[in-house]
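*Asks:* My structure is in start24.pdb, and what it holds is PDB, C-alpha atoms:
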ATOM      1  CA  GLY A1414     -19.659  19.351  -3.887
ATOM      2  CA  LYS A1415     -17.156  19.903  -6.668
ATOM      3  CA  VAL A1416     -13.398  19.423  -6.900
ATOM      4  CA  GLN A1417     -12.224  20.835 -10.204
ATOM      5  CA  TYR A1418      -9.323  22.396 -12.117
ATOM      6  CA  ASN A1419      -6.534  21.539  -9.653
ATOM      7  CA  SER A1420      -2.947  21.662 -10.882
ATOM      8  CA  TRP A1421      -2.301  18.024  -9.932
ATOM      9  CA  ALA A1422      -4.802  15.510  -8.550
ATOM     10  CA  GLY A1423      -8.263  16.563  -7.439
ATOM     11  CA  VAL A1424      -8.292  14.644  -4.146
ATOM     12  CA  ILE A1425      -4.993  13.470  -2.607
ATOM     13  CA  VAL A1426      -4.684  11.070   0.340
ATOM     14  CA  ARG A1427      -1.082  10.339   1.376
ATOM     15  CA  LYS A1428       1.214   9.452   4.275
ATOM     16  CA  ASN A1429      -1.285   7.211   6.063
ATOM     17  CA  GLY A1430      -4.043   9.799   5.871
ATOM     18  CA  GLU A1431      -7.670   8.715   5.527
ATOM     19  CA  ILE A1432     -10.874  10.078   4.052
ATOM     20  CA  LYS A1433     -13.630   8.132   5.778
ATOM     21  CA  SER A1434     -16.428   9.458   3.591
ATOM     22  CA  LEU A1435     -16.100  11.104   0.189
ATOM     23  CA  ASN A1436     -19.761  11.284  -0.753
ATOM     24  CA  ASP A1437     -21.559  12.805  -3.746
ATOM     25  CA  VAL A1438     -18.641  14.856  -5.069
ATOM     26  CA  ASP A1439     -17.953  15.757  -8.716
ATOM     27  CA  ILE A1440     -14.193  15.432  -9.363
ATOM     28  CA  TYR A1441     -13.652  16.875 -12.843
ATOM     29  CA  TYR A1442     -11.011  18.488 -15.076
ATOM     30  CA  ASN A1443      -8.009  18.091 -12.784
ATOM     31  CA  LYS A1444      -4.524  18.183 -14.342
ATOM     32  CA  SER A1445      -3.613  14.671 -13.214
ATOM     33  CA  TYR A1446      -5.634  12.071 -11.271
ATOM     34  CA  GLY A1447      -9.159  12.522 -10.005
ATOM     35  CA  LEU A1448      -8.427  10.674  -6.740
ATOM     36  CA  TYR A1449      -4.918   9.638  -5.681
ATOM     37  CA  CYS A1450      -4.263   7.330  -2.704
ATOM     38  CA  GLY A1451      -0.573   6.724  -2.027
ATOM     39  CA  GLU A1452       1.935   6.130   0.771
ATOM     40  CA  GLY A1453      -0.643   4.374   2.919
ATOM     41  CA  GLY A1454      -3.516   6.734   2.129
ATOM     42  CA  LYS A1455      -7.066   5.360   2.376
ATOM     43  CA  ALA A1456     -10.405   6.568   1.035
ATOM     44  CA  THR A1457     -14.039   5.486   1.141
ATOM     45  CA  VAL A1458     -15.875   6.828  -1.890
ATOM     46  CA  THR A1459     -19.650   6.781  -2.456
ATOM     47  CA  LYS A1460     -21.794   8.183  -5.273
ATOM     48  CA  CYS A1461     -19.033  10.325  -6.737
ATOM     49  CA  SER A1462     -18.523  11.277 -10.356
ATOM     50  CA  ILE A1463     -14.850  11.224 -11.389
ATOM     51  CA  LYS A1464     -14.609  12.430 -14.970
ATOM     52  CA  TYR A1465     -12.528  14.350 -17.521
ATOM     53  CA  ASN A1466      -9.297  14.243 -15.509
ATOM     54  CA  GLU A1467      -6.009  14.384 -17.425
ATOM     55  CA  SER A1468      -4.645  11.093 -16.053
ATOM     56  CA  ASP A1469      -6.403   8.189 -14.273
ATOM     57  CA  GLY A1470      -9.767   8.670 -12.624
ATOM     58  CA  VAL A1471      -8.694   6.803  -9.476
ATOM     59  CA  ARG A1472      -5.147   5.635  -8.689
ATOM     60  CA  VAL A1473      -4.336   3.580  -5.584
ATOM     61  CA  THR A1474      -0.623   2.887  -5.282
ATOM     62  CA  GLY A1475       1.866   1.712  -2.694
ATOM     63  CA  LYS A1476       1.879  -0.532   0.340
ATOM     64  CA  ASN A1477      -1.064  -0.045   2.735
ATOM     65  CA  SER A1478      -2.853   2.312   0.329
ATOM     66  CA  SER A1479      -6.485   1.357  -0.239
ATOM     67  CA  ALA A1480      -9.874   2.495  -1.445
ATOM     68  CA  ALA A1481     -13.461   1.260  -1.197
ATOM     69  CA  ILE A1482     -15.674   2.633  -3.957
ATOM     70  CA  THR A1483     -19.473   2.398  -4.268
ATOM     71  CA  SER A1484     -21.876   3.645  -6.944
ATOM     72  CA  THR A1485     -19.245   5.872  -8.515
ATOM     73  CA  LYS A1486     -18.670   6.840 -12.152
ATOM     74  CA  MET A1487     -15.018   6.756 -13.268
ATOM     75  CA  MET A1488     -15.516   7.922 -16.824
ATOM     76  CA  TYR A1489     -14.030   9.894 -19.720
ATOM     77  CA  ASN A1490     -10.607  10.292 -18.120
ATOM     78  CA  GLU A1491      -7.509  10.753 -20.305
ATOM     79  CA  GLY A1492      -5.749   7.790 -18.661
ATOM     80  CA  ASN A1493      -7.412   4.748 -17.102
ATOM     81  CA  GLY A1494     -10.638   4.627 -15.118
ATOM     82  CA  LEU A1495      -9.326   2.807 -12.037
ATOM     83  CA  VAL A1496      -5.761   1.715 -11.217
ATOM     84  CA  ALA A1497      -4.397  -0.404  -8.355
ATOM     85  CA  THR A1498      -0.635  -0.844  -8.510
ATOM     86  CA  ASP A1499       2.519  -1.447  -6.458
ATOM     87  CA  SER A1500       0.620  -3.211  -3.635
ATOM     88  CA  GLY A1501      -2.281  -0.737  -3.622
ATOM     89  CA  LYS A1502      -5.651  -2.357  -2.905
ATOM     90  CA  VAL A1503      -9.135  -1.484  -4.066
ATOM     91  CA  THR A1504     -10.896  -3.613  -1.472
ATOM     92  CA  SER A1505     -14.276  -3.203  -3.139
ATOM     93  CA  VAL A1506     -15.827  -1.554  -6.162
ATOM     94  CA  LYS A1507     -19.590  -1.953  -5.975
ATOM     95  CA  LYS A1508     -21.905  -0.901  -8.780
ATOM     96  CA  GLY A1509     -20.885   2.121 -10.811
ATOM     97  CA  HIS A1510     -18.915   2.474 -14.043
ATOM     98  CA  ALA A1511     -15.336   2.444 -15.312
ATOM     99  CA  SER A1512     -16.233   3.467 -18.843
ATOM    100  CA  GLY A1513     -15.302   5.740 -21.702
ATOM    101  CA  ASN A1514     -11.715   6.251 -20.551
ATOM    102  CA  LYS A1515      -8.906   6.595 -23.093
ATOM    103  CA  GLY A1516      -6.817   3.848 -21.473
ATOM    104  CA  TYR A1517      -8.004   0.760 -19.591
ATOM    105  CA  GLY A1518     -11.242   0.687 -17.669
ATOM    106  CA  VAL A1519      -9.613  -1.153 -14.744
ATOM    107  CA  TYR A1520      -5.844  -1.719 -14.554
ATOM    108  CA  CYS A1521      -4.347  -3.893 -11.806
ATOM    109  CA  ALA A1522      -0.554  -4.281 -11.790
ATOM    110  CA  ASN A1523       2.441  -5.240  -9.657
ATOM    111  CA  ASN A1524       0.788  -6.796  -6.597
ATOM    112  CA  GLY A1525      -2.319  -4.642  -6.872
ATOM    113  CA  ARG A1526      -5.711  -5.953  -5.739
ATOM    114  CA  VAL A1527      -9.180  -5.151  -7.072
ATOM    115  CA  THR A1528     -12.495  -6.746  -6.027
ATOM    116  CA  MET A1529     -15.437  -5.753  -8.233
ATOM    117  CA  ASN A1530     -19.163  -6.408  -7.852
ATOM    118  CA  GLY A1531     -21.812  -5.139 -10.255
ATOM    119  CA  VAL A1532     -19.494  -2.791 -12.156
ATOM    120  CA  SER A1533     -19.916  -1.849 -15.820
ATOM    121  CA  VAL A1534     -16.657  -1.560 -17.798
ATOM    122  CA  GLU A1535     -17.582  -0.247 -21.223
ATOM    123  CA  LYS A1536     -16.254   1.653 -24.230
ATOM    124  CA  ASN A1537     -12.706   2.188 -22.995
ATOM    125  CA  GLY A1538      -9.889   2.925 -25.446
ATOM    126  CA  LYS A1539      -7.810  -0.125 -24.483
ATOM    127  CA  ASP A1540      -8.765  -3.335 -22.632
ATOM    128  CA  GLY A1541     -11.748  -3.227 -20.319
ATOM    129  CA  VAL A1542      -9.903  -4.968 -17.450
ATOM    130  CA  ARG A1543      -6.180  -5.782 -17.453
ATOM    131  CA  VAL A1544      -4.441  -7.832 -14.730
ATOM    132  CA  THR A1545      -0.662  -7.917 -15.008
ATOM    133  CA  GLY A1546       2.484  -8.310 -12.928
ATOM    134  CA  ALA A1547       3.554 -10.495 -10.052
ATOM    135  CA  SER A1548       0.859 -11.228  -7.466
ATOM    136  CA  SER A1549      -1.754  -8.890  -8.969
ATOM    137  CA  LYS A1550      -5.264 -10.177  -8.267
ATOM    138  CA  VAL A1551      -8.702  -9.223  -9.539
ATOM    139  CA  LYS A1552     -12.064 -10.752  -8.614
ATOM    140  CA  ILE A1553     -15.185  -9.934 -10.621
ATOM    141  CA  THR A1554     -18.825 -10.672  -9.746
ATOM    142  CA  ASP A1555     -21.912  -9.670 -11.732
ATOM    143  CA  GLY A1556     -20.004  -7.415 -14.110
ATOM    144  CA  LYS A1557     -20.557  -6.117 -17.627
ATOM    145  CA  ILE A1558     -17.448  -5.798 -19.792
ATOM    146  CA  ASN A1559     -18.409  -4.689 -23.258
ATOM    147  CA  ASP A1560     -17.627  -2.549 -26.286
ATOM    148  CA  ASN A1561     -14.002  -1.877 -25.341
ATOM    149  CA  LYS A1562     -11.596  -0.955 -28.158
ATOM    150  CA  LYS A1563      -9.228  -3.872 -27.454
ATOM    151  CA  ASN A1564      -9.918  -6.941 -25.278
ATOM    152  CA  GLY A1565     -12.645  -7.255 -22.697
ATOM    153  CA  LEU A1566     -10.427  -8.880 -20.054
ATOM    154  CA  VAL A1567      -6.687  -9.683 -20.150
ATOM    155  CA  VAL A1568      -4.712 -11.748 -17.632
ATOM    156  CA  THR A1569      -0.947 -11.770 -18.242
ATOM    157  CA  SER A1570       2.572 -11.667 -16.762
ATOM    158  CA  SER A1571       1.865 -13.490 -13.462
ATOM    159  CA  GLY A1572      -1.465 -11.740 -12.925
ATOM    160  CA  LEU A1573      -4.339 -13.731 -11.357
ATOM    161  CA  LEU A1574      -8.042 -13.606 -12.080
ATOM    162  CA  ASN A1575      -9.055 -14.802  -8.619
ATOM    163  CA  GLY A1576     -12.643 -15.705  -9.491
ATOM    164  CA  MET A1577     -15.270 -14.412 -11.907
ATOM    165  CA  SER A1578     -18.987 -15.186 -11.966
ATOM    166  CA  GLY A1579     -22.244 -13.770 -13.274
ATOM    167  CA  THR A1580     -20.384 -11.610 -15.768
ATOM    168  CA  SER A1581     -20.973 -10.854 -19.444
ATOM    169  CA  ILE A1582     -18.090 -10.045 -21.798
ATOM    170  CA  THR A1583     -19.518  -8.902 -25.110
ATOM    171  CA  ASN A1584     -18.811  -6.922 -28.280
ATOM    172  CA  ASN A1585     -15.178  -6.081 -27.557
ATOM    173  CA  SER A1586     -12.963  -5.246 -30.540
ATOM    174  CA  LYS A1587     -10.364  -7.983 -30.000
ATOM    175  CA  HIS A1588     -10.790 -11.009 -27.689
ATOM    176  CA  GLY A1589     -13.492 -11.276 -25.053
ATOM    177  CA  ILE A1590     -11.159 -12.921 -22.512
ATOM    178  CA  ALA A1591      -7.429 -13.365 -23.176
ATOM    179  CA  VAL A1592      -5.255 -15.392 -20.814
ATOM    180  CA  TYR A1593      -1.639 -15.139 -21.891
ATOM    181  CA  LYS A1594       1.277 -17.294 -20.767
ATOM    182  CA  GLU A1595       2.119 -16.772 -17.093
ATOM    183  CA  GLY A1596      -1.447 -15.564 -16.528
ATOM    184  CA  THR A1597      -3.682 -17.580 -14.179
ATOM    185  CA  THR A1598      -7.429 -17.896 -13.689
ATOM    186  CA  VAL A1599      -9.348 -19.770 -10.984
ATOM    187  CA  ASN A1600     -13.037 -20.183 -10.150
ATOM    188  CA  VAL A1601     -14.485 -18.832 -13.391
ATOM    189  CA  LYS A1602     -18.147 -19.813 -13.787
ATOM    190  CA  ASN A1603     -21.497 -18.572 -15.071
ATOM    191  CA  ILE A1604     -20.061 -16.159 -17.611
ATOM    192  CA  THR A1605     -21.345 -15.096 -21.023
ATOM    193  CA  THR A1606     -19.126 -14.233 -23.973
ATOM    194  CA  SER A1607     -20.563 -13.151 -27.311
ATOM    195  CA  GLY A1608     -19.982 -10.803 -30.200
ATOM    196  CA  ASN A1609     -16.279 -10.298 -29.555
ATOM    197  CA  ASP A1610     -14.411  -9.610 -32.795
ATOM    198  CA  ASN A1611     -11.644 -12.206 -32.525
ATOM    199  CA  TYR A1612     -11.807 -15.034 -29.983
ATOM    200  CA  GLU A1613     -14.555 -15.189 -27.384
ATOM    201  CA  ILE A1614     -11.903 -16.790 -25.145
ATOM    202  CA  TYR A1615      -8.216 -16.914 -26.068
ATOM    203  CA  GLU A1616      -5.920 -19.227 -24.097
ATOM    204  CA  GLU A1617      -2.247 -18.842 -24.969
ATOM    205  CA  LYS A1618       0.008 -21.869 -24.547
ATOM    206  CA  GLY A1619       1.552 -21.729 -21.075
ATOM    207  CA  ALA A1620      -1.426 -20.045 -19.404
ATOM    208  CA  ASP A1621      -2.622 -21.608 -16.151
ATOM    209  CA  THR A1622      -6.362 -21.739 -16.747
ATOM    210  CA  SER A1623      -9.268 -24.127 -17.159
ATOM    211  CA  LEU A1624     -10.669 -21.842 -19.879
ATOM    212  CA  LYS A1625     -10.364 -23.160 -23.401
ATOM    213  CA  SER A1626      -9.966 -21.097 -26.548
ATOM    214  CA  LYS A1627     -13.125 -20.621 -28.549
ATOM    215  CA  LYS A1628     -13.984 -18.452 -31.505
TER     216      LYS A1628
END
Go ahead and render the structure in this file as structure tokens.

*Replies:*
Amino acid sequence: GKVQYNSWAGVIVRKNGEIKSLNDVDIYYNKSYGLYCGEGGKATVTKCSIKYNESDGVRVTGKNSSAAITSTKMMYNEGNGLVATDSGKVTSVKKGHASGNKGYGVYCANNGRVTMNGVSVEKNGKDGVRVTGASSKVKITDGKINDNKKNGLVVTSSGLLNGMSGTSITNNSKHGIAVYKEGTTVNVKNITTSGNDNYEIYEEKGADTSLKSKK
């Protein structure tokens, strides 16, 4: 199916509504978000293509709002690929892409939650993954974060990288991984960083991390 050319978001789930299966849908060219979950809205998304929307591809915002996303392409959107903010939770992103967006590939802010497994985050206009704001948490397993126009991964302003393994962070235009003061990382292991233009890993003084700066 196709959801295209709407005057706001393509798919909207609000006020504790739920889409139990959004499967194999092209969500393109909408005037704002591709998929918006807010006010307790929930969605389960599989094998969708969410592209060319005028804001974020997927935005999950507000208490009790959530999404589970599998094998989905969140690409070429004017904003970010995937956003979880203001207590919104992306309980799982499995496989798929958050790539080629003008903003961040994945943006988690203000008590948002994102758990990623096997996701490619490539060629975005800003950082590949950015974790920021009080109690925001991201976990990454078996990811590829490469060729983004700024940093591969940023943790800042009380954000938490709550585990990362089996992930490569390569060829980003600034740092591969940047942990700024008030950012925290735990359980980071089995990662590869190479070809990043500035630091492979940048640890700012005051960051809570076992990672050490390296060029």

*Asks:* So what do you get for CA of Val1438 (chain A) versus CA of Ile1463 (chain A), distance-wise?

*Replies:* 8.2 Å

*Asks:* Check the smallest atom-to-atom distance from each of A:Val1496, A:Ala1591, A:Val1426, A:Ala1511 to Val1568 (chain A) using only C-alpha atoms, then report the winner.

*Replies:*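 Closest to Val1568 (chain A) of all the choices is A:Ala1591.
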
*Asks:* Figure out the distance between CA of Gly1572 (chain A) and CA of Gly1538 (chain A), please, to one decimal in Å.

*Replies:* 21.0 Å

*Asks:* Written as number ranges by chain, which residues does the PyMOL selection byres ((chain A and resi 1596) around 12) give for the file shown?

*Replies:* A: 1543-1551, 1566-1575, 1590-1595, 1597-1599, 1615-1624

*Asks:* Let me know the residues the PyMOL selection byres ((chain A and resi 1429) around 7) catches in the file above, as JSON, numbers by chain.

*Replies:* {"A": [1427, 1428, 1430, 1431, 1452, 1453, 1454]}

*Asks:* Which residue is closest to Gly1556 (chain A)? Choose from A:Met1577, A:Lys1444, A:Ala1522, A:Tyr1517 and count only C-alpha atoms.

*Replies:*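 Of A:Met1577, A:Lys1444, A:Ala1522, A:Tyr1517, the one nearest Gly1556 (chain A), counting only C-alpha atoms, is A:Met1577.
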